[in-house]
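Listing of protein_37.txt; format and content: compact mmCIF, N, CA and C atoms.
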```txt
# COMPACT_ATOMS: atom_id res chain seq x y z
N MET O 130 -33.54 4.44 -23.15
CA MET O 130 -32.85 5.13 -22.06
C MET O 130 -32.48 6.53 -22.52
N ASN O 131 -32.84 7.52 -21.73
CA ASN O 131 -32.50 8.90 -22.02
C ASN O 131 -31.10 9.20 -21.52
N LEU O 132 -30.26 9.64 -22.42
CA LEU O 132 -28.92 10.02 -22.03
C LEU O 132 -28.95 11.39 -21.37
N PRO O 133 -28.08 11.62 -20.40
CA PRO O 133 -28.04 12.93 -19.77
C PRO O 133 -27.49 13.96 -20.75
N PRO O 134 -27.84 15.21 -20.52
CA PRO O 134 -27.33 16.26 -21.42
C PRO O 134 -25.81 16.39 -21.29
N ALA O 135 -25.20 16.92 -22.33
CA ALA O 135 -23.75 17.06 -22.38
C ALA O 135 -23.18 17.82 -21.18
N PRO O 136 -23.80 18.92 -20.73
CA PRO O 136 -23.22 19.62 -19.57
C PRO O 136 -23.14 18.73 -18.31
N ASP O 137 -24.12 17.83 -18.14
CA ASP O 137 -24.07 16.92 -16.98
C ASP O 137 -22.89 15.97 -17.10
N LEU O 138 -22.66 15.47 -18.31
CA LEU O 138 -21.52 14.58 -18.51
C LEU O 138 -20.19 15.29 -18.31
N VAL O 139 -20.12 16.52 -18.79
CA VAL O 139 -18.89 17.31 -18.63
C VAL O 139 -18.63 17.56 -17.14
N SER O 140 -19.66 17.91 -16.39
CA SER O 140 -19.45 18.14 -14.95
C SER O 140 -19.08 16.85 -14.23
N THR O 141 -19.63 15.73 -14.70
CA THR O 141 -19.26 14.43 -14.11
C THR O 141 -17.79 14.13 -14.41
N LEU O 142 -17.35 14.40 -15.61
CA LEU O 142 -15.94 14.20 -15.96
C LEU O 142 -15.03 15.06 -15.09
N GLN O 143 -15.46 16.27 -14.80
CA GLN O 143 -14.68 17.14 -13.92
C GLN O 143 -14.60 16.57 -12.51
N VAL O 144 -15.68 15.98 -12.03
CA VAL O 144 -15.73 15.42 -10.68
C VAL O 144 -14.86 14.18 -10.57
N VAL O 145 -14.78 13.36 -11.63
CA VAL O 145 -14.03 12.11 -11.54
C VAL O 145 -12.52 12.31 -11.67
N ILE O 146 -12.07 13.52 -11.88
CA ILE O 146 -10.63 13.77 -11.94
C ILE O 146 -9.99 13.48 -10.58
N GLY O 147 -10.66 13.84 -9.49
CA GLY O 147 -10.12 13.58 -8.15
C GLY O 147 -9.87 12.10 -7.90
N PRO O 148 -10.89 11.25 -8.08
CA PRO O 148 -10.65 9.81 -7.91
C PRO O 148 -9.61 9.24 -8.89
N SER O 149 -9.53 9.82 -10.08
CA SER O 149 -8.53 9.36 -11.05
C SER O 149 -7.12 9.66 -10.55
N ILE O 150 -6.94 10.82 -9.96
CA ILE O 150 -5.64 11.17 -9.38
C ILE O 150 -5.33 10.25 -8.21
N LEU O 151 -6.34 9.90 -7.43
CA LEU O 151 -6.16 8.98 -6.32
C LEU O 151 -5.71 7.60 -6.81
N ILE O 152 -6.25 7.15 -7.93
CA ILE O 152 -5.82 5.88 -8.52
C ILE O 152 -4.35 5.96 -8.93
N SER O 153 -3.97 7.07 -9.53
CA SER O 153 -2.58 7.25 -9.94
C SER O 153 -1.64 7.26 -8.72
N ALA O 154 -2.04 7.96 -7.68
CA ALA O 154 -1.24 8.00 -6.46
C ALA O 154 -1.13 6.61 -5.84
N ALA O 155 -2.22 5.89 -5.81
CA ALA O 155 -2.21 4.53 -5.27
C ALA O 155 -1.27 3.64 -6.09
N GLY O 156 -1.24 3.82 -7.38
CA GLY O 156 -0.33 3.04 -8.22
C GLY O 156 1.12 3.32 -7.90
N LEU O 157 1.45 4.58 -7.65
CA LEU O 157 2.83 4.93 -7.30
C LEU O 157 3.21 4.36 -5.93
N VAL O 158 2.29 4.44 -4.98
CA VAL O 158 2.55 3.85 -3.67
C VAL O 158 2.72 2.34 -3.80
N GLN O 159 1.88 1.72 -4.62
CA GLN O 159 1.97 0.28 -4.82
C GLN O 159 3.32 -0.10 -5.44
N LEU O 160 3.80 0.68 -6.38
CA LEU O 160 5.11 0.43 -6.98
C LEU O 160 6.20 0.49 -5.91
N THR O 161 6.13 1.48 -5.04
CA THR O 161 7.09 1.61 -3.95
C THR O 161 7.03 0.40 -3.02
N LEU O 162 5.82 -0.02 -2.68
CA LEU O 162 5.66 -1.15 -1.77
C LEU O 162 6.20 -2.44 -2.39
N VAL O 163 5.94 -2.67 -3.66
CA VAL O 163 6.43 -3.89 -4.32
C VAL O 163 7.95 -3.88 -4.36
N ASN O 164 8.55 -2.73 -4.64
CA ASN O 164 10.01 -2.63 -4.64
C ASN O 164 10.58 -2.92 -3.26
N ARG O 165 9.93 -2.41 -2.21
CA ARG O 165 10.40 -2.67 -0.85
C ARG O 165 10.25 -4.15 -0.51
N LEU O 166 9.15 -4.75 -0.93
CA LEU O 166 8.95 -6.17 -0.66
C LEU O 166 10.01 -7.01 -1.36
N ASN O 167 10.34 -6.68 -2.61
CA ASN O 167 11.39 -7.40 -3.31
C ASN O 167 12.73 -7.27 -2.59
N HIS O 168 13.03 -6.09 -2.09
CA HIS O 168 14.27 -5.88 -1.35
C HIS O 168 14.28 -6.71 -0.06
N ILE O 169 13.16 -6.74 0.64
CA ILE O 169 13.06 -7.54 1.86
C ILE O 169 13.28 -9.01 1.55
N GLN O 170 12.67 -9.50 0.50
CA GLN O 170 12.83 -10.91 0.14
C GLN O 170 14.28 -11.23 -0.21
N ASP O 171 14.93 -10.34 -0.95
CA ASP O 171 16.34 -10.55 -1.28
C ASP O 171 17.21 -10.57 -0.02
N ARG O 172 16.91 -9.67 0.89
CA ARG O 172 17.68 -9.60 2.14
C ARG O 172 17.46 -10.86 2.99
N ILE O 173 16.24 -11.36 3.04
CA ILE O 173 15.97 -12.60 3.79
C ILE O 173 16.76 -13.75 3.18
N ARG O 174 16.75 -13.85 1.87
CA ARG O 174 17.50 -14.93 1.21
C ARG O 174 19.00 -14.82 1.50
N LEU O 175 19.52 -13.61 1.46
CA LEU O 175 20.94 -13.39 1.73
C LEU O 175 21.30 -13.80 3.16
N LEU O 176 20.51 -13.36 4.12
CA LEU O 176 20.78 -13.72 5.51
C LEU O 176 20.64 -15.22 5.74
N ALA O 177 19.64 -15.82 5.13
CA ALA O 177 19.45 -17.26 5.29
C ALA O 177 20.62 -18.03 4.68
N ASP O 178 21.10 -17.61 3.52
CA ASP O 178 22.25 -18.27 2.88
C ASP O 178 23.51 -18.12 3.73
N ARG O 179 23.75 -16.95 4.27
CA ARG O 179 24.93 -16.73 5.11
C ARG O 179 24.88 -17.58 6.38
N ALA O 180 23.69 -17.73 6.93
CA ALA O 180 23.55 -18.52 8.16
C ALA O 180 23.88 -19.98 7.88
N ASP O 181 23.61 -20.47 6.67
CA ASP O 181 23.87 -21.87 6.33
C ASP O 181 25.33 -22.13 5.96
N LEU O 182 26.02 -21.12 5.47
CA LEU O 182 27.34 -21.34 4.89
C LEU O 182 28.48 -21.39 5.90
N ARG O 183 28.37 -20.77 7.04
CA ARG O 183 29.52 -20.75 7.94
C ARG O 183 29.07 -20.88 9.39
N ALA O 184 29.96 -21.41 10.16
CA ALA O 184 29.68 -21.52 11.59
C ALA O 184 29.94 -20.16 12.23
N GLU O 185 29.05 -19.75 13.08
CA GLU O 185 29.16 -18.44 13.72
C GLU O 185 29.03 -18.61 15.21
N ASP O 186 29.46 -17.60 15.91
CA ASP O 186 29.25 -17.65 17.35
C ASP O 186 27.79 -17.35 17.67
N GLN O 187 27.40 -17.59 18.88
CA GLN O 187 25.99 -17.46 19.28
C GLN O 187 25.49 -16.02 19.13
N THR O 188 26.34 -15.05 19.36
CA THR O 188 25.94 -13.64 19.24
C THR O 188 25.54 -13.31 17.80
N ASP O 189 26.35 -13.77 16.84
CA ASP O 189 26.02 -13.52 15.43
C ASP O 189 24.73 -14.23 15.03
N LYS O 190 24.56 -15.45 15.49
CA LYS O 190 23.33 -16.20 15.16
C LYS O 190 22.11 -15.51 15.75
N THR O 191 22.24 -15.02 16.97
CA THR O 191 21.12 -14.32 17.60
C THR O 191 20.78 -13.04 16.85
N ARG O 192 21.83 -12.31 16.48
CA ARG O 192 21.64 -11.05 15.74
C ARG O 192 20.96 -11.32 14.40
N LYS O 193 21.41 -12.35 13.69
CA LYS O 193 20.82 -12.67 12.39
C LYS O 193 19.38 -13.16 12.53
N SER O 194 19.12 -13.94 13.56
CA SER O 194 17.73 -14.40 13.74
C SER O 194 16.83 -13.23 14.10
N ARG O 195 17.34 -12.24 14.84
CA ARG O 195 16.54 -11.04 15.13
C ARG O 195 16.31 -10.24 13.86
N GLN O 196 17.34 -10.15 13.01
CA GLN O 196 17.19 -9.45 11.73
C GLN O 196 16.15 -10.15 10.86
N LEU O 197 16.22 -11.47 10.82
CA LEU O 197 15.25 -12.23 10.02
C LEU O 197 13.83 -12.03 10.55
N ALA O 198 13.68 -11.98 11.87
CA ALA O 198 12.35 -11.76 12.45
C ALA O 198 11.82 -10.38 12.05
N ILE O 199 12.68 -9.39 12.08
CA ILE O 199 12.28 -8.03 11.67
C ILE O 199 11.90 -8.02 10.19
N LEU O 200 12.73 -8.66 9.37
CA LEU O 200 12.43 -8.70 7.93
C LEU O 200 11.12 -9.42 7.65
N TRP O 201 10.85 -10.49 8.37
CA TRP O 201 9.60 -11.23 8.18
C TRP O 201 8.41 -10.35 8.54
N ARG O 202 8.52 -9.64 9.66
CA ARG O 202 7.45 -8.73 10.09
C ARG O 202 7.24 -7.62 9.06
N ARG O 203 8.36 -7.10 8.54
CA ARG O 203 8.26 -6.05 7.52
C ARG O 203 7.56 -6.58 6.27
N ALA O 204 7.87 -7.80 5.88
CA ALA O 204 7.25 -8.39 4.69
C ALA O 204 5.73 -8.50 4.89
N HIS O 205 5.31 -8.87 6.08
CA HIS O 205 3.86 -8.95 6.35
C HIS O 205 3.22 -7.56 6.31
N TRP O 206 3.91 -6.57 6.86
CA TRP O 206 3.36 -5.21 6.82
C TRP O 206 3.26 -4.69 5.39
N ILE O 207 4.29 -4.94 4.60
CA ILE O 207 4.28 -4.48 3.21
C ILE O 207 3.18 -5.19 2.43
N ARG O 208 3.00 -6.49 2.70
CA ARG O 208 1.91 -7.22 2.03
C ARG O 208 0.56 -6.60 2.39
N SER O 209 0.36 -6.30 3.67
CA SER O 209 -0.90 -5.68 4.09
C SER O 209 -1.07 -4.30 3.48
N ALA O 210 0.01 -3.54 3.43
CA ALA O 210 -0.04 -2.20 2.84
C ALA O 210 -0.38 -2.29 1.35
N THR O 211 0.18 -3.29 0.67
CA THR O 211 -0.11 -3.49 -0.75
C THR O 211 -1.58 -3.83 -0.97
N LEU O 212 -2.11 -4.69 -0.12
CA LEU O 212 -3.54 -5.01 -0.22
C LEU O 212 -4.40 -3.77 0.02
N LEU O 213 -4.03 -2.96 1.01
CA LEU O 213 -4.81 -1.76 1.31
C LEU O 213 -4.74 -0.73 0.17
N VAL O 214 -3.57 -0.54 -0.40
CA VAL O 214 -3.46 0.45 -1.48
C VAL O 214 -4.20 -0.05 -2.73
N THR O 215 -4.22 -1.38 -2.94
CA THR O 215 -5.01 -1.93 -4.03
C THR O 215 -6.49 -1.71 -3.78
N LEU O 216 -6.92 -1.91 -2.54
CA LEU O 216 -8.31 -1.64 -2.17
C LEU O 216 -8.65 -0.17 -2.40
N SER O 217 -7.72 0.72 -2.10
CA SER O 217 -7.93 2.15 -2.33
C SER O 217 -8.17 2.43 -3.81
N ALA O 218 -7.36 1.82 -4.67
CA ALA O 218 -7.53 2.02 -6.11
C ALA O 218 -8.87 1.44 -6.58
N LEU O 219 -9.23 0.28 -6.05
CA LEU O 219 -10.52 -0.32 -6.42
C LEU O 219 -11.69 0.54 -5.97
N CYS O 220 -11.60 1.09 -4.78
CA CYS O 220 -12.68 1.97 -4.29
C CYS O 220 -12.76 3.24 -5.13
N SER O 221 -11.61 3.76 -5.53
CA SER O 221 -11.60 4.95 -6.39
C SER O 221 -12.21 4.65 -7.75
N ALA O 222 -11.87 3.50 -8.31
CA ALA O 222 -12.47 3.11 -9.59
C ALA O 222 -13.97 2.90 -9.44
N SER O 223 -14.39 2.30 -8.34
CA SER O 223 -15.83 2.13 -8.08
C SER O 223 -16.51 3.47 -7.95
N LEU O 224 -15.85 4.42 -7.31
CA LEU O 224 -16.40 5.76 -7.17
C LEU O 224 -16.63 6.39 -8.53
N ILE O 225 -15.69 6.23 -9.44
CA ILE O 225 -15.85 6.77 -10.79
C ILE O 225 -17.05 6.13 -11.47
N LEU O 226 -17.16 4.82 -11.35
CA LEU O 226 -18.29 4.11 -11.95
C LEU O 226 -19.61 4.59 -11.35
N VAL O 227 -19.67 4.73 -10.04
CA VAL O 227 -20.90 5.19 -9.38
C VAL O 227 -21.25 6.60 -9.84
N LEU O 228 -20.26 7.47 -9.94
CA LEU O 228 -20.53 8.84 -10.38
C LEU O 228 -21.13 8.87 -11.79
N PHE O 229 -20.60 8.04 -12.67
CA PHE O 229 -21.17 7.99 -14.02
C PHE O 229 -22.58 7.39 -14.03
N LEU O 230 -22.80 6.36 -13.22
CA LEU O 230 -24.14 5.78 -13.14
C LEU O 230 -25.15 6.77 -12.55
N VAL O 231 -24.72 7.53 -11.55
CA VAL O 231 -25.59 8.54 -10.96
C VAL O 231 -25.99 9.57 -12.01
N THR O 232 -25.01 9.98 -12.82
CA THR O 232 -25.31 10.97 -13.86
C THR O 232 -26.20 10.37 -14.96
N ALA O 233 -25.86 9.18 -15.41
CA ALA O 233 -26.59 8.58 -16.54
C ALA O 233 -28.01 8.18 -16.16
N LEU O 234 -28.18 7.68 -14.93
CA LEU O 234 -29.50 7.17 -14.53
C LEU O 234 -30.27 8.13 -13.62
N HIS O 235 -29.69 9.30 -13.39
CA HIS O 235 -30.33 10.33 -12.55
C HIS O 235 -30.69 9.77 -11.17
N LEU O 236 -29.70 9.13 -10.54
CA LEU O 236 -29.90 8.53 -9.22
C LEU O 236 -29.42 9.47 -8.13
N ASP O 237 -29.88 9.20 -6.93
CA ASP O 237 -29.39 9.92 -5.75
C ASP O 237 -28.62 8.91 -4.91
N ALA O 238 -27.31 8.95 -4.99
CA ALA O 238 -26.49 7.95 -4.30
C ALA O 238 -25.40 8.63 -3.48
N VAL O 239 -25.77 9.68 -2.76
CA VAL O 239 -24.80 10.44 -1.98
C VAL O 239 -24.09 9.55 -0.96
N VAL O 240 -24.85 8.68 -0.31
CA VAL O 240 -24.27 7.80 0.72
C VAL O 240 -23.26 6.85 0.07
N LEU O 241 -23.61 6.26 -1.04
CA LEU O 241 -22.71 5.33 -1.73
C LEU O 241 -21.44 6.05 -2.20
N ILE O 242 -21.61 7.26 -2.71
CA ILE O 242 -20.45 8.05 -3.14
C ILE O 242 -19.55 8.34 -1.93
N GLY O 243 -20.14 8.72 -0.83
CA GLY O 243 -19.37 9.00 0.38
C GLY O 243 -18.64 7.78 0.90
N ILE O 244 -19.31 6.64 0.88
CA ILE O 244 -18.68 5.40 1.36
C ILE O 244 -17.50 5.02 0.47
N CYS O 245 -17.67 5.10 -0.83
CA CYS O 245 -16.57 4.78 -1.75
C CYS O 245 -15.38 5.70 -1.52
N PHE O 246 -15.66 6.99 -1.39
CA PHE O 246 -14.57 7.95 -1.20
C PHE O 246 -13.87 7.74 0.13
N MET O 247 -14.64 7.56 1.21
CA MET O 247 -14.01 7.37 2.53
C MET O 247 -13.22 6.06 2.57
N ALA O 248 -13.73 5.02 1.95
CA ALA O 248 -13.00 3.74 1.92
C ALA O 248 -11.68 3.88 1.15
N ALA O 249 -11.72 4.63 0.05
CA ALA O 249 -10.50 4.84 -0.74
C ALA O 249 -9.45 5.60 0.06
N ILE O 250 -9.88 6.67 0.71
CA ILE O 250 -8.93 7.48 1.48
C ILE O 250 -8.43 6.73 2.71
N LEU O 251 -9.33 6.07 3.43
CA LEU O 251 -8.94 5.33 4.62
C LEU O 251 -7.95 4.21 4.26
N SER O 252 -8.21 3.49 3.19
CA SER O 252 -7.29 2.43 2.77
C SER O 252 -5.92 2.99 2.43
N LEU O 253 -5.90 4.12 1.74
CA LEU O 253 -4.63 4.75 1.39
C LEU O 253 -3.88 5.21 2.63
N VAL O 254 -4.58 5.82 3.57
CA VAL O 254 -3.95 6.30 4.81
C VAL O 254 -3.37 5.13 5.60
N LEU O 255 -4.13 4.04 5.74
CA LEU O 255 -3.64 2.87 6.47
C LEU O 255 -2.43 2.25 5.77
N SER O 256 -2.46 2.23 4.46
CA SER O 256 -1.33 1.71 3.70
C SER O 256 -0.08 2.55 3.95
N LEU O 257 -0.23 3.85 3.95
CA LEU O 257 0.91 4.74 4.20
C LEU O 257 1.42 4.60 5.63
N ALA O 258 0.51 4.36 6.58
CA ALA O 258 0.94 4.13 7.97
C ALA O 258 1.78 2.85 8.06
N LEU O 259 1.37 1.81 7.36
CA LEU O 259 2.16 0.58 7.35
C LEU O 259 3.51 0.79 6.66
N LEU O 260 3.53 1.62 5.64
CA LEU O 260 4.80 1.94 4.99
C LEU O 260 5.73 2.65 5.98
N MET O 261 5.20 3.56 6.76
CA MET O 261 6.03 4.25 7.77
C MET O 261 6.52 3.27 8.84
N ALA O 262 5.68 2.33 9.24
CA ALA O 262 6.10 1.31 10.21
C ALA O 262 7.22 0.46 9.62
N ASP O 263 7.12 0.14 8.34
CA ASP O 263 8.17 -0.64 7.68
C ASP O 263 9.48 0.14 7.67
N ILE O 264 9.42 1.41 7.38
CA ILE O 264 10.63 2.23 7.38
C ILE O 264 11.27 2.25 8.76
N GLN O 265 10.46 2.37 9.80
CA GLN O 265 10.97 2.35 11.17
C GLN O 265 11.63 1.01 11.47
N GLN O 266 10.99 -0.08 11.06
CA GLN O 266 11.56 -1.41 11.30
C GLN O 266 12.85 -1.61 10.49
N SER O 267 12.94 -1.03 9.31
CA SER O 267 14.17 -1.18 8.53
C SER O 267 15.33 -0.51 9.25
N LEU O 268 15.06 0.58 9.95
CA LEU O 268 16.11 1.23 10.74
C LEU O 268 16.51 0.36 11.93
N SER O 269 15.56 -0.36 12.51
CA SER O 269 15.88 -1.28 13.61
C SER O 269 16.78 -2.41 13.11
N ALA O 270 16.49 -2.94 11.94
CA ALA O 270 17.33 -4.00 11.37
C ALA O 270 18.72 -3.47 11.06
N LEU O 271 18.80 -2.24 10.57
CA LEU O 271 20.10 -1.63 10.29
C LEU O 271 20.90 -1.45 11.57
N ARG O 272 20.23 -1.04 12.63
CA ARG O 272 20.89 -0.88 13.92
C ARG O 272 21.49 -2.21 14.37
N LEU O 273 20.75 -3.30 14.19
CA LEU O 273 21.28 -4.63 14.55
C LEU O 273 22.49 -4.99 13.70
N GLU O 274 22.39 -4.71 12.41
CA GLU O 274 23.49 -5.07 11.51
C GLU O 274 24.75 -4.29 11.82
N LEU O 275 24.59 -3.04 12.16
CA LEU O 275 25.75 -2.20 12.47
C LEU O 275 26.19 -2.33 13.92
N ARG O 276 25.43 -3.10 14.69
CA ARG O 276 25.74 -3.34 16.11
C ARG O 276 25.74 -2.05 16.92
N VAL O 277 24.80 -1.19 16.59
CA VAL O 277 24.64 0.07 17.33
C VAL O 277 23.76 -0.24 18.56
N PRO O 278 24.19 0.17 19.75
CA PRO O 278 23.36 -0.11 20.95
C PRO O 278 22.03 0.64 20.88
N ASP O 279 21.02 0.05 21.53
CA ASP O 279 19.68 0.66 21.56
C ASP O 279 19.66 1.99 22.25
```

How would this structure read if it were set down as structure tokens?
Amino acid sequence: MNLPPAPDLVSTLQVVIGPSILISAAGLVQLTLVNRLNHIQDRIRLLADRADLRAEDQTDKTRKSRQLAILWRRAHWIRSATLLVTLSALCSASLILVLFLVTALHLDAVVLIGICFMAAILSLVLSLALLMADIQQSLSALRLELRVPD
């Protein structure tokens, strides 16, 4: 197997910096999502424990069940966002691998490179959209807890 010349490898290394930064960004988003999911789980446990420990009037029970429903929905969104951001990192890593294979084997894989890049960006964007939806829902749960009218 003929190895590519050093300048080709150097230019490939320069090109893979972008996907590498995308992997790092995805990791930070994933850390944020996992922290939010842990907080949601703790809050669900707290509300569930409070509901079991004391008798409440129907208004309080309704409010808590609405809060639990919001928290459950948020947990599903965060789980989906975590899967999407992980997919983004995997697509970015695949893109790096494809770029090196293209350089080493002198292949023409423009379509594959484009698909990997678009999948990585689209997954990250969708993950961030779900994160924003979670933030909006957390404000709805706070409104219920503080008994602020809609």

Straight-line distance linking CA of Leu213 (chain O) with CA of Arg195 (chain O), stated in Å to one decimal: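 Going from CA of Leu213 (chain O) over to CA of Arg195 (chain O), I get 27.1 Å.
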
Who sits within 7 Å of Asp263 (chain O), all atoms listed in the file, same chain under 4 positions skipped, as a list in words: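 Neighbouring residues, sequence-local ones excluded: Arg203, Trp206, Ile207, Ala258, Leu259, Ser267 and Leu268 of chain O.
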
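Each of O:Ser217, O:Thr141, O:Ser269, O:Thr191 was compared to Val254 (chain O) using all atoms listed in the file, and O:Ser217 turns out to be the nearest.
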
Residues proximal to (-27.5, 11.0, -13.9) were defined as those with any atom within 9 Å of that point in the file's coordinates, counting only C-alpha atoms. Which are they, as a ChimeraX atom specification? /O:132-133,137-138,141,228-237

For each of O:Leu197, O:Ile250, O:Leu216, O:Val227, take the minimum atom-to-atom distance to Leu273 (chain O), counting only C-alpha atoms, then give the residue where this is smallest. O:Leu197

Smallest atom-to-atom distance to Leu151 (chain O): which of O:Ser194, O:Gln170, O:Ser209, O:Ser252, using only C-alpha atoms?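 Using only C-alpha atoms, Leu151 (chain O) sits closest to O:Ser252.
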
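The two atoms in question, atom C of Leu255 (chain O) and CA of Ile225 (chain O), are spaced 21.8 Å apart.
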
Between CA of Leu253 (chain O) and CA of Arg174 (chain O) - distance in Å to one decimal: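 Value for the CA of Arg174 (chain O)-CA of Leu253 (chain O) distance: 29.6 Å.
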
List the spatial neighbours of Ser153 (chain O) as a ChimeraX atom specification - criterion: any atom at most 8 Å away, only N, CA and C atoms, same-chain residues fewer than 6 positions off excluded. /O:147,159,218

From the options O:Pro134, O:Asp186, O:Gln143, O:Val214, which residue's atoms come nearest to Leu157 (chain O), counting only C-alpha atoms?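 Among the listed residues, the smallest separation from Leu157 (chain O) belongs to O:Val214.
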
Name the closest residue to Leu260 (chain O) among the candidates O:Ala198, O:Ile244, O:Cys220, O:Val163; distances are taken between atoms, counting only C-alpha atoms.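 Of O:Ala198, O:Ile244, O:Cys220, O:Val163, the one nearest Leu260 (chain O), counting only C-alpha atoms, is O:Val163.
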
For region 196-211 of chain O, what centre and edge lengths in Å (one decimal) does the axis-aligned box get once 4 Å is added on each side of all its listed atoms, as lines of an AutoDock Vina configuration file?
```
center_x = 7.9
center_y = -7.2
center_z = 6.0
size_x = 26.9
size_y = 18.0
size_z = 22.0
```

Just checking: using only C-alpha atoms, which residue out of O:Val139, O:Leu226, O:Cys245, O:Leu275 ends up closest to Asp189 (chain O)?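 Ranking O:Val139, O:Leu226, O:Cys245, O:Leu275 by distance to Asp189 (chain O), first place goes to O:Leu275.
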